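Chemist: Handing over run28.txt, compact mmCIF, C-alpha atoms.
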# COMPACT_ATOMS: atom_id res chain seq x y z
CA MET A 1 -73.00 74.10 4.25
CA LYS A 2 -74.42 75.89 7.28
CA ARG A 3 -72.60 75.50 10.60
CA ARG A 4 -75.39 73.48 12.22
CA ASN A 5 -75.49 71.11 9.24
CA PHE A 6 -71.69 70.82 9.29
CA LEU A 7 -71.77 69.74 12.93
CA ASN A 8 -74.67 67.39 12.37
CA THR A 9 -72.76 65.48 9.71
CA THR A 10 -70.40 64.08 12.35
CA ALA A 11 -71.27 61.24 14.68
CA ILE A 12 -71.00 62.08 18.40
CA THR A 13 -70.33 59.44 20.99
CA SER A 14 -69.30 59.51 24.62
CA ALA A 15 -65.97 57.94 23.72
CA GLY A 16 -64.49 61.41 23.16
CA LEU A 17 -63.02 60.94 19.68
CA THR A 18 -65.02 59.54 16.77
CA LEU A 19 -63.90 58.86 13.24
CA LEU A 20 -66.72 58.18 10.83
CA PRO A 21 -66.11 55.03 8.77
CA SER A 22 -65.46 56.08 5.20
CA GLY A 23 -68.07 53.63 3.99
CA LEU A 24 -70.77 55.71 5.65
CA LEU A 25 -69.77 58.61 3.41
CA ARG A 26 -68.93 56.90 0.13
CA GLY A 27 -70.44 53.45 0.21
CA ALA A 28 -68.76 50.36 -1.15
CA ALA A 29 -68.70 49.15 -4.74
CA SER A 30 -69.14 45.53 -5.73
CA PRO A 31 -65.73 43.90 -6.20
CA ASN A 32 -67.02 42.23 -9.39
CA ASN A 33 -68.16 45.50 -10.95
CA LYS A 34 -65.04 46.50 -12.89
CA LEU A 35 -64.66 49.63 -14.98
CA ASN A 36 -63.40 49.69 -18.56
CA VAL A 37 -60.78 52.44 -18.33
CA ALA A 38 -58.66 54.37 -20.81
CA LEU A 39 -55.36 55.67 -19.41
CA ILE A 40 -54.27 58.69 -21.44
CA GLY A 41 -50.64 59.48 -20.70
CA VAL A 42 -49.01 56.26 -19.55
CA TRP A 43 -45.71 57.68 -18.28
CA GLY A 44 -44.93 60.36 -15.69
CA ARG A 45 -48.06 60.88 -13.61
CA GLY A 46 -49.64 57.97 -15.44
CA LEU A 47 -47.36 55.59 -13.54
CA ALA A 48 -48.94 56.75 -10.28
CA HIS A 49 -52.25 55.24 -11.37
CA TYR A 50 -51.04 51.77 -12.30
CA SER A 51 -51.70 50.20 -8.91
CA ALA A 52 -55.16 51.71 -8.45
CA LEU A 53 -56.24 50.75 -11.97
CA ALA A 54 -54.88 47.20 -11.68
CA GLU A 55 -58.17 46.17 -10.06
CA GLU A 56 -60.16 47.51 -13.05
CA ASN A 57 -60.11 46.67 -16.76
CA VAL A 58 -57.63 48.96 -18.49
CA VAL A 59 -58.75 48.46 -22.08
CA ALA A 60 -57.05 51.43 -23.77
CA LEU A 61 -53.64 53.09 -23.46
CA CYS A 62 -52.81 56.38 -25.14
CA ASP A 63 -49.52 58.26 -25.31
CA VAL A 64 -47.82 60.53 -27.85
CA ASN A 65 -44.59 58.60 -27.21
CA GLU A 66 -44.87 55.06 -28.54
CA ALA A 67 -41.70 54.08 -26.64
CA ARG A 68 -43.78 54.05 -23.47
CA PHE A 69 -46.19 51.34 -24.66
CA PRO A 70 -44.12 48.16 -24.04
CA GLU A 71 -43.82 48.77 -20.30
CA ALA A 72 -47.48 49.80 -20.00
CA LEU A 73 -48.59 46.72 -21.91
CA GLN A 74 -46.66 44.51 -19.52
CA ARG A 75 -48.90 45.86 -16.76
CA PHE A 76 -52.09 45.98 -18.85
CA PRO A 77 -51.80 43.28 -21.54
CA GLY A 78 -54.53 43.26 -24.14
CA ALA A 79 -55.21 47.00 -23.99
CA LYS A 80 -55.50 48.77 -27.33
CA THR A 81 -52.91 51.49 -27.92
CA TYR A 82 -53.39 54.97 -29.41
CA VAL A 83 -51.23 58.01 -30.02
CA ASP A 84 -54.21 60.38 -30.54
CA TRP A 85 -56.52 60.78 -27.53
CA ARG A 86 -59.41 61.81 -29.79
CA LYS A 87 -59.43 58.35 -31.37
CA CYS A 88 -58.93 56.68 -28.00
CA LEU A 89 -62.07 58.27 -26.55
CA ASP A 90 -64.16 56.76 -29.33
CA GLN A 91 -63.25 53.19 -28.41
CA LYS A 92 -66.44 51.24 -27.80
CA GLY A 93 -67.29 50.08 -24.31
CA LEU A 94 -65.34 52.65 -22.29
CA ASP A 95 -66.66 53.63 -18.87
CA ALA A 96 -63.98 55.99 -17.60
CA VAL A 97 -60.81 57.87 -18.51
CA VAL A 98 -57.74 58.89 -16.50
CA ILE A 99 -55.94 61.94 -17.94
CA CYS A 100 -52.19 62.30 -17.33
CA THR A 101 -51.18 64.43 -20.31
CA ALA A 102 -49.59 67.88 -20.59
CA ASP A 103 -51.57 70.66 -18.89
CA HIS A 104 -52.67 72.41 -22.07
CA THR A 105 -54.72 69.37 -23.15
CA HIS A 106 -56.44 68.60 -19.82
CA ALA A 107 -59.63 70.57 -20.40
CA PHE A 108 -59.92 69.28 -23.97
CA ILE A 109 -59.74 65.61 -23.05
CA ALA A 110 -61.95 66.06 -19.99
CA ASN A 111 -64.66 67.86 -21.94
CA TRP A 112 -64.62 65.39 -24.83
CA ALA A 113 -64.82 62.52 -22.34
CA LEU A 114 -67.82 64.08 -20.59
CA ASN A 115 -69.50 64.48 -23.98
CA ARG A 116 -69.16 60.72 -24.42
CA GLY A 117 -70.68 59.93 -21.03
CA LEU A 118 -67.39 58.88 -19.41
CA HIS A 119 -66.32 59.25 -15.79
CA VAL A 120 -63.17 61.40 -15.63
CA TYR A 121 -60.10 61.59 -13.41
CA CYS A 122 -57.85 64.46 -14.53
CA GLU A 123 -54.46 65.39 -13.16
CA LYS A 124 -54.15 69.02 -12.07
CA PRO A 125 -54.68 71.65 -13.27
CA LEU A 126 -58.11 71.08 -14.76
CA ALA A 127 -57.69 74.02 -17.15
CA VAL A 128 -55.20 76.67 -18.27
CA SER A 129 -57.71 79.40 -19.15
CA VAL A 130 -60.77 80.83 -17.43
CA GLU A 131 -62.95 79.80 -20.36
CA GLU A 132 -61.73 76.21 -20.22
CA ALA A 133 -62.53 75.97 -16.50
CA ARG A 134 -66.03 77.34 -17.06
CA VAL A 135 -66.81 75.08 -20.03
CA VAL A 136 -65.72 71.90 -18.25
CA ARG A 137 -67.54 72.84 -15.05
CA ALA A 138 -70.81 73.61 -16.86
CA ASN A 139 -70.59 70.39 -18.84
CA TRP A 140 -70.08 68.27 -15.74
CA LEU A 141 -72.79 70.05 -13.73
CA SER A 142 -75.27 69.00 -16.41
CA LYS A 143 -74.24 65.36 -15.87
CA LYS A 144 -73.10 65.22 -12.24
CA ASP A 145 -75.82 62.83 -11.14
CA LYS A 146 -74.49 60.27 -13.62
CA LEU A 147 -70.74 60.84 -13.90
CA ALA A 148 -67.97 60.94 -11.29
CA THR A 149 -65.11 63.41 -11.64
CA GLN A 150 -61.93 64.07 -9.69
CA VAL A 151 -58.92 66.34 -10.17
CA GLY A 152 -55.63 64.84 -9.01
CA MET A 153 -54.90 67.17 -6.11
CA GLN A 154 -54.05 64.08 -4.09
CA ARG A 155 -52.58 66.00 -1.14
CA HIS A 156 -56.21 66.68 -0.27
CA ALA A 157 -56.21 63.20 1.24
CA GLU A 158 -53.97 64.40 4.08
CA PRO A 159 -55.99 64.45 7.35
CA ASN A 160 -54.77 68.01 7.98
CA PHE A 161 -57.10 69.33 5.27
CA ASN A 162 -60.20 68.37 7.24
CA ARG A 163 -58.69 69.38 10.57
CA ILE A 164 -58.08 72.92 9.25
CA ARG A 165 -61.60 73.15 7.86
CA GLU A 166 -63.05 72.09 11.21
CA LEU A 167 -61.00 74.63 13.17
CA ILE A 168 -62.00 77.47 10.88
CA ARG A 169 -65.67 76.51 10.88
CA ASP A 170 -65.61 75.91 14.64
CA GLY A 171 -64.50 79.49 15.35
CA ALA A 172 -60.96 78.71 16.50
CA ILE A 173 -59.74 82.09 15.18
CA GLY A 174 -63.07 83.90 15.44
CA ASP A 175 -64.76 85.31 12.35
CA LEU A 176 -62.73 84.54 9.23
CA GLN A 177 -61.45 87.74 7.60
CA SER A 178 -58.85 86.68 5.04
CA ALA A 179 -56.72 83.77 3.89
CA ALA A 180 -53.48 83.46 1.95
CA ALA A 181 -51.58 80.58 0.35
CA TRP A 182 -48.07 80.54 -1.08
CA GLY A 183 -45.47 78.46 -2.87
CA ASN A 184 -41.71 78.98 -3.05
CA ARG A 185 -40.65 77.36 -6.34
CA GLN A 186 -38.53 79.56 -8.61
CA ILE A 187 -38.03 77.98 -12.02
CA ARG A 188 -36.93 80.60 -14.52
CA ARG A 189 -36.85 80.39 -18.29
CA ALA A 190 -35.89 83.09 -20.80
CA GLY A 191 -38.36 82.12 -23.52
CA TYR A 192 -39.51 79.36 -25.86
CA LEU A 193 -36.73 77.03 -26.92
CA PRO A 194 -35.31 77.13 -30.48
CA ALA A 195 -35.54 74.27 -32.92
CA GLU A 196 -33.11 71.49 -32.09
CA GLY A 197 -33.17 68.33 -34.14
CA ALA A 198 -36.17 66.15 -34.84
CA PRO A 199 -38.39 64.18 -32.45
CA PRO A 200 -37.29 60.58 -31.87
CA ASN A 201 -39.03 57.90 -33.91
CA GLY A 202 -42.41 57.21 -32.39
CA PHE A 203 -42.65 60.55 -30.59
CA HIS A 204 -45.60 62.47 -32.05
CA PHE A 205 -44.65 66.05 -31.19
CA ASP A 206 -47.47 67.52 -33.24
CA LEU A 207 -49.99 65.61 -31.11
CA TRP A 208 -48.17 66.73 -27.95
CA LEU A 209 -48.62 70.34 -29.09
CA GLY A 210 -52.29 69.57 -29.64
CA PRO A 211 -54.38 72.77 -29.50
CA SER A 212 -51.42 75.04 -28.71
CA PRO A 213 -49.73 77.22 -31.33
CA GLU A 214 -46.93 75.81 -33.45
CA HIS A 215 -43.50 75.53 -31.86
CA PRO A 216 -40.39 73.72 -33.10
CA TYR A 217 -39.32 70.55 -31.36
CA ASN A 218 -36.67 70.86 -28.67
CA PRO A 219 -35.72 68.03 -26.29
CA GLY A 220 -35.32 70.60 -23.53
CA TYR A 221 -39.09 70.56 -23.03
CA PHE A 222 -38.90 66.90 -22.04
CA LYS A 223 -35.91 66.61 -19.73
CA GLY A 224 -36.23 64.71 -16.46
CA SER A 225 -38.15 61.51 -15.69
CA ALA A 226 -37.73 60.30 -19.28
CA GLY A 227 -39.54 63.33 -20.67
CA ALA A 228 -42.35 63.30 -18.12
CA ASN A 229 -41.30 66.22 -15.91
CA CYS A 230 -43.92 68.97 -16.16
CA LEU A 231 -41.48 71.46 -14.62
CA GLU A 232 -39.69 71.59 -17.96
CA TRP A 233 -42.64 72.93 -19.95
CA ASN A 234 -45.57 74.08 -17.80
CA MET A 235 -44.18 77.59 -17.17
CA TYR A 236 -44.62 78.51 -20.85
CA TRP A 237 -47.87 80.35 -21.60
CA ASP A 238 -48.77 77.99 -24.48
CA PHE A 239 -48.24 74.82 -22.44
CA GLY A 240 -49.38 75.58 -18.90
CA ALA A 241 -50.01 78.13 -16.19
CA GLY A 242 -46.69 78.02 -14.35
CA GLN A 243 -46.69 77.60 -10.61
CA ILE A 244 -50.42 78.11 -10.16
CA GLY A 245 -50.98 74.99 -12.23
CA ASP A 246 -48.27 73.06 -10.41
CA MET A 247 -47.88 73.30 -6.62
CA GLY A 248 -50.29 76.22 -6.61
CA SER A 249 -53.11 73.78 -7.28
CA HIS A 250 -52.12 71.75 -4.23
CA THR A 251 -51.47 74.65 -1.87
CA MET A 252 -54.50 76.77 -2.77
CA ASP A 253 -56.53 73.58 -2.24
CA LEU A 254 -55.39 73.64 1.40
CA LEU A 255 -57.02 77.07 1.71
CA TRP A 256 -59.95 76.46 -0.63
CA ASN A 257 -61.18 73.43 1.28
CA ALA A 258 -61.70 75.60 4.36
CA VAL A 259 -63.27 78.82 3.09
CA ASP A 260 -66.05 77.80 0.64
CA ALA A 261 -65.07 80.67 -1.63
CA GLY A 262 -67.09 80.24 -4.84
CA LEU A 263 -66.02 82.75 -7.51
CA PRO A 264 -64.37 86.13 -6.81
CA ILE A 265 -65.92 89.53 -7.43
CA THR A 266 -62.54 91.27 -7.88
CA ALA A 267 -59.01 90.25 -8.85
CA GLU A 268 -55.74 92.17 -8.79
CA ALA A 269 -52.12 91.11 -9.13
CA LYS A 270 -48.55 92.33 -9.40
CA GLY A 271 -45.23 90.69 -10.06
CA GLU A 272 -42.06 90.72 -12.09
CA ALA A 273 -41.95 92.22 -15.57
CA PHE A 274 -44.21 90.50 -18.10
CA ASN A 275 -42.59 87.95 -20.42
CA PRO A 276 -44.75 87.06 -23.46
CA ASP A 277 -43.31 83.52 -23.52
CA VAL A 278 -43.09 82.55 -19.86
CA THR A 279 -45.45 82.87 -16.91
CA PRO A 280 -44.16 84.93 -13.96
CA VAL A 281 -42.05 83.41 -11.21
CA GLU A 282 -42.54 86.12 -8.57
CA CYS A 283 -46.14 87.22 -8.40
CA GLU A 284 -48.95 87.85 -5.93
CA SER A 285 -52.68 88.01 -6.60
CA HIS A 286 -55.60 89.03 -4.41
CA PHE A 287 -59.30 88.25 -4.71
CA ASP A 288 -62.38 89.56 -2.93
CA PHE A 289 -65.31 87.24 -2.22
CA ALA A 290 -68.83 88.05 -1.14
CA ALA A 291 -70.25 86.77 2.13
CA ASN A 292 -71.86 83.35 2.20
CA ASP A 293 -74.16 81.59 4.68
CA TRP A 294 -71.52 81.11 7.42
CA ARG A 295 -68.96 83.91 6.99
CA GLY A 296 -68.69 87.52 5.95
CA PRO A 297 -66.80 88.93 2.96
CA ILE A 298 -63.19 87.77 2.77
CA ARG A 299 -60.01 88.37 0.80
CA VAL A 300 -58.08 85.40 -0.58
CA SER A 301 -54.47 85.83 -1.72
CA TRP A 302 -51.89 83.78 -3.58
CA TYR A 303 -48.12 84.39 -3.40
CA GLN A 304 -45.42 82.66 -5.44
CA GLY A 305 -41.75 82.67 -6.30
CA GLY A 306 -40.52 84.66 -3.30
CA ALA A 307 -43.50 86.98 -2.77
CA MET A 308 -44.95 86.30 0.69
CA PRO A 309 -47.70 87.50 3.01
CA ARG A 310 -46.69 89.44 6.11
CA SER A 311 -45.98 87.21 9.10
CA PRO A 312 -48.25 87.74 12.11
CA LYS A 313 -45.26 87.64 14.48
CA PRO A 314 -41.62 88.73 13.94
CA CYS A 315 -40.44 85.45 15.41
CA ILE A 316 -42.36 83.36 12.84
CA ASP A 317 -40.59 82.87 9.51
CA LEU A 318 -43.29 82.00 7.00
CA LYS A 319 -40.64 81.42 4.34
CA ALA A 320 -39.55 78.36 6.29
CA ILE A 321 -42.87 76.85 5.17
CA GLY A 322 -42.20 76.24 1.49
CA HIS A 323 -45.84 75.69 0.58
CA GLY A 324 -48.37 76.83 3.14
CA ALA A 325 -51.51 78.75 4.04
CA MET A 326 -52.46 81.32 6.67
CA PHE A 327 -55.95 82.21 7.86
CA LYS A 328 -56.67 85.47 9.68
CA GLY A 329 -59.69 85.75 11.96
CA SER A 330 -61.06 88.24 14.46
CA LYS A 331 -59.29 86.41 17.33
CA GLY A 332 -56.09 85.12 15.81
CA PHE A 333 -54.29 83.27 13.03
CA LEU A 334 -54.06 79.67 11.84
CA ILE A 335 -50.90 78.76 9.90
CA ALA A 336 -50.56 75.41 8.15
CA ASP A 337 -48.72 73.29 5.67
CA PHE A 338 -50.01 70.02 4.21
CA GLU A 339 -49.38 67.98 7.35
CA SER A 340 -49.34 70.35 10.34
CA ARG A 341 -50.97 73.48 11.75
CA MET A 342 -50.73 75.97 14.62
CA LEU A 343 -53.02 78.57 16.21
CA ILE A 344 -51.72 82.04 17.10
CA PRO A 345 -54.08 84.18 19.21
CA TYR A 346 -54.13 87.98 19.31
CA GLY A 347 -52.40 89.85 22.13
CA ASP A 348 -54.97 90.41 24.91
CA LYS A 349 -56.65 87.12 24.09
CA ALA A 350 -53.43 85.18 24.34
CA ASP A 351 -55.20 82.26 25.95
CA LEU A 352 -58.05 82.30 23.41
CA THR A 353 -60.50 82.06 26.30
CA ASP A 354 -63.40 82.71 23.95
CA TYR A 355 -62.63 79.57 21.95
CA LYS A 356 -63.70 76.35 23.53
CA PRO A 357 -63.47 73.25 21.36
CA ARG A 358 -66.45 70.95 21.40
CA SER A 359 -66.38 68.92 24.59
CA VAL A 360 -66.70 65.77 22.50
CA LYS A 361 -64.33 66.01 19.55
CA THR A 362 -65.71 64.76 16.26
CA LEU A 363 -63.48 64.47 13.25
CA LEU A 364 -64.28 64.16 9.57
CA PRO A 365 -62.45 61.08 8.32
CA PRO A 366 -59.50 61.42 5.97
CA VAL A 367 -60.41 61.20 2.30
CA GLY A 368 -58.33 58.05 2.00
CA HIS A 369 -56.95 56.68 -1.24
CA PHE A 370 -57.66 59.43 -3.77
CA GLN A 371 -58.02 57.28 -6.89
CA LYS A 372 -60.12 54.70 -5.04
CA GLN A 373 -62.54 57.39 -3.93
CA TRP A 374 -63.10 58.27 -7.58
CA ILE A 375 -63.40 54.61 -8.65
CA ASP A 376 -66.01 54.02 -5.94
CA ALA A 377 -67.95 57.06 -7.16
CA CYS A 378 -67.76 55.84 -10.77
CA LYS A 379 -69.57 52.71 -9.69
CA ASN A 380 -72.06 54.69 -7.62
CA PRO A 381 -72.28 58.32 -8.86
CA ALA A 382 -74.44 59.22 -5.87
CA LEU A 383 -71.19 59.15 -3.88
CA LYS A 384 -69.04 62.27 -3.68
CA THR A 385 -65.42 62.92 -4.52
CA ALA A 386 -63.22 65.45 -2.73
CA CYS A 387 -62.12 67.49 -5.78
CA ASP A 388 -64.88 67.20 -8.36
CA PHE A 389 -65.10 69.40 -11.44
CA GLU A 390 -67.15 72.09 -9.69
CA TYR A 391 -64.86 72.51 -6.69
CA SER A 392 -61.70 72.28 -8.80
CA ALA A 393 -62.91 74.47 -11.66
CA ASN A 394 -63.91 77.24 -9.25
CA MET A 395 -60.48 77.16 -7.66
CA ILE A 396 -58.48 77.18 -10.88
CA GLU A 397 -60.77 79.84 -12.40
CA GLN A 398 -59.81 82.14 -9.54
CA MET A 399 -56.10 81.41 -9.96
CA LEU A 400 -56.19 81.93 -13.72
CA LEU A 401 -58.13 85.17 -13.30
CA GLY A 402 -55.20 86.34 -11.19
CA LEU A 403 -52.88 85.77 -14.15
CA VAL A 404 -55.22 87.87 -16.30
CA ALA A 405 -55.12 90.68 -13.73
CA TYR A 406 -51.31 90.44 -13.70
CA ARG A 407 -51.17 90.83 -17.48
CA VAL A 408 -53.65 93.72 -17.60
CA GLY A 409 -52.19 95.55 -14.62
CA LYS A 410 -55.56 96.62 -13.24
CA LYS A 411 -57.89 95.61 -10.45
CA LEU A 412 -60.62 93.68 -12.24
CA ALA A 413 -64.32 93.62 -11.37
CA TYR A 414 -65.56 90.13 -12.20
CA ASP A 415 -69.04 88.76 -12.81
CA GLY A 416 -68.86 85.07 -11.97
CA LYS A 417 -72.29 84.38 -13.45
CA THR A 418 -71.35 85.49 -16.93
CA GLY A 419 -67.60 84.92 -16.69
CA LYS A 420 -66.86 88.49 -17.79
CA VAL A 421 -64.69 91.31 -16.51
CA THR A 422 -66.94 94.36 -16.28
CA ASN A 423 -64.43 97.21 -15.98
CA ALA A 424 -61.62 96.29 -18.37
CA PRO A 425 -62.69 95.01 -21.82
CA GLU A 426 -59.10 94.15 -22.71
CA ALA A 427 -59.06 91.58 -19.90
CA ASN A 428 -61.88 89.58 -21.49
CA GLU A 429 -59.62 88.84 -24.45
CA LEU A 430 -57.29 86.99 -22.07
CA LEU A 431 -59.95 84.76 -20.49
CA SER A 432 -59.67 82.32 -23.40
CA ARG A 433 -56.93 80.88 -25.59
CA LYS A 434 -56.56 80.70 -29.35
CA TYR A 435 -56.30 77.13 -30.61
CA ARG A 436 -54.68 75.67 -33.69
CA ASP A 437 -56.92 74.88 -36.61
CA GLY A 438 -58.64 71.53 -36.23
CA TRP A 439 -58.66 71.56 -32.43
CA VAL A 440 -61.92 72.32 -30.64
CA LEU A 441 -62.63 72.36 -26.91
CA ASN A 442 -66.16 70.98 -27.27
CA GLY A 443 -65.82 67.90 -29.47
Hey, can you dump this file as structure tokens for me?
Modeler:
Amino acid sequence: MKRRNFLNTTAITSAGLTLLPSGLLRGAASPNNKLNVALIGVWGRGLAHYSALAEENVVALCDVNEARFPEALQRFPGAKTYVDWRKCLDQKGLDAVVICTADHTHAFIANWALNRGLHVYCEKPLAVSVEEARVVRANWLSKKDKLATQVGMQRHAEPNFNRIRELIRDGAIGDLQSAAAWGNRQIRRAGYLPAEGAPPNGFHFDLWLGPSPEHPYNPGYFKGSAGANCLEWNMYWDFGAGQIGDMGSHTMDLLWNAVDAGLPITAEAKGEAFNPDVTPVECESHFDFAANDWRGPIRVSWYQGGAMPRSPKPCIDLKAIGHGAMFKGSKGFLIADFESRMLIPYGDKADLTDYKPRSVKTLLPPVGHFQKQWIDACKNPALKTACDFEYSANMIEQMLLGLVAYRVGKKLAYDGKTGKVTNAPEANELLSRKYRDGWVLNG
């Protein structure tokens, strides 16, 4: 939005500090208007939704591991159970779906749910290929006046997200020139795991594989948190997107919320040697974006696994911020993590005399409870969610394009309107994934 509109959205009073009541932004749903919800993936991240969904009607539970049903049914008695999400989505009377499955099925379930007129909450990442992000985004945009969507980048609810956006838009570091985000996780794997035994009774490994190519069962994919730890499988190309799908989704969101980036016009990347089984640990990717209505052209960068942007000051150790973001402007830097931030002015402007905060501070309110924001919007789709399928698909499309650039080893020219690389035909082959027979993205 334009700067004058951004400022006009906040209420100014003589009290000096004003927080807008969240109800003015989102409205309030009738307490008697309950949703009929399907929870797909009842363990792992699914557990994080139990409390929020307890106020609604959870009428369907779906999981590839039947051992998870007894505990879920204690919380949601009377719900029908399914092991195949495709059958679950066809249950009559559903209003909404919450997706907590493995990353490589997110876009499938989300798109099928939209096709059935369901509101959708999907854990991050929304997609693991550029094509998947574009398909889900286009589908939702055709229905956005009727359906509420949210991607589970719940750190977005931290008040710091809006504070950073306000500082950038208010000119605290001058004209924005570039921005970088990074994450420090280093989880290495040699390659896909060999066959080891058979799945336990009631564990439907073939349905867990879903659209991905065939792989033998190995319990090593499901270690930690009773088989719910995504860090055991999401670094494999067939099952996820590595760190960009994990903490990368949270940390790039910290940057993305502030810069209104859209889709990039170029992408380039470099990192460790390519492994055909496993996504890179150490990697950096860079994207150029055209000017918009409040800023000029900018460069956005992502660093992971030990790769880092250059610190603006020798005395500042960016590596001490495990997951963070840095914004460079014409008058200084802003460095942040999820909960804190600091301004660093350039040399001769060490007092930032050209930056004067508004005499009456006005703050956008925190997003608040992330799942509740989506539930409220389900009941009144005119309300907005913080990470809908347009915002989130744009962000993950950029990140996934970086992985394509890494694999091709060239700087890519990208046409965001058509979703095509214009200078490297071989890159277009990597924008989509090949699916197993019988699995379709648009069902």
Chemist: Under the rule that all atoms listed in the file are counted, which of A:Asp317, A:Asp293, A:Asp103, A:Glu268 is the nearest residue to Trp237 of chain A?
Modeler: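 Checking each candidate against Trp237 of chain A, we get A:Asp103 as the closest.
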Chemist: Just to confirm, what's the straight-line distance from atom CA of Gly419 of chain A to atom CA of Ala96 of chain A in Å (one decimal)?
Modeler: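 Between these atoms lies a distance of 29.2 Å.
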Chemist: List the neighbours of segment 115-131 of chain A out to 7 Å using only C-alpha atoms; skip same-chain residues closer than 3 positions along the sequence, and give me the result as a ChimeraX atom specification.
Modeler: /A:95-100,103-104,106-107,110-112,134-135,147-153,240-241,245,249,378,393,397,400-401,431-433
Chemist: Would you mind reading off the distance between atom CA of Gly296 of chain A and atom CA of Ala179 of chain A, one decimal, in Å?
Modeler: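 Those two atoms sit 12.7 Å apart.
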Chemist: What lies within 8 Å of Val64 of chain A using all atoms listed in the file, ignoring chain neighbours under 4 positions off, as a list in words?
Modeler: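 Surrounding residues, per the criterion: Gly41, Val83, Asp84, Gly202, Phe203, His204, Phe205, Leu207 and Trp208 of chain A.
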Chemist: So, with only C-alpha atoms as the atoms that count, which of A:Ile344, A:Ile316, A:Leu403, A:Ile173 lies closest to Glu284 of chain A?
Modeler: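 Residue with the minimum atom-to-atom distance to Glu284 of chain A: A:Leu403.
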Chemist: Select, from A:Gly332, A:Met395, A:Pro211, A:Ser285, the residue with the minimum atom-to-atom distance to Asp260 of chain A, counting only C-alpha atoms.
Modeler: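 For Asp260 of chain A, the nearest of the candidates is A:Met395.
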Chemist: Which residue out of A:Arg169, A:Lys331, A:Arg68, A:Lys270 has the minimum interatomic distance to Lys411 of chain A when all atoms listed in the file are used?
Modeler: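 Using all atoms listed in the file, the shortest distance to Lys411 of chain A belongs to A:Lys270.
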Chemist: Neighbouring residues of Lys34 of chain A were defined as those with any atom within 10 Å, considering all atoms listed in the file; residues of the same chain fewer than 5 positions away were excluded. Please report them as a list in words.
Modeler: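 Listing them by chain and then by number gives Ala29, Leu53, Glu55, Glu56, Asn57, Val58, Asp95, Ile375, Cys378 and Lys379 of chain A.
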Chemist: Enter the distance from atom CA of Val136 of chain A to atom CA of Phe108 of chain A, in Å, rounded to one decimal.
Modeler: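 Rounded to one decimal, the two atoms are 8.6 Å apart.
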Chemist: Calculated over all atoms listed in the file, which of the candidates A:Glu196, A:Glu158, A:Glu390, A:Asp277 has the smallest distance to Glu339 of chain A?
Modeler: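 So, comparing all the options, the nearest one is A:Glu158.
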Chemist: With only C-alpha atoms as the counted atoms, please give the residues lying no more than 12 Å from Ala273 of chain A, apart from itself and same-chain residues fewer than 5 positions off, as a ChimeraX atom specification.
Modeler: /A:278-283,406-409
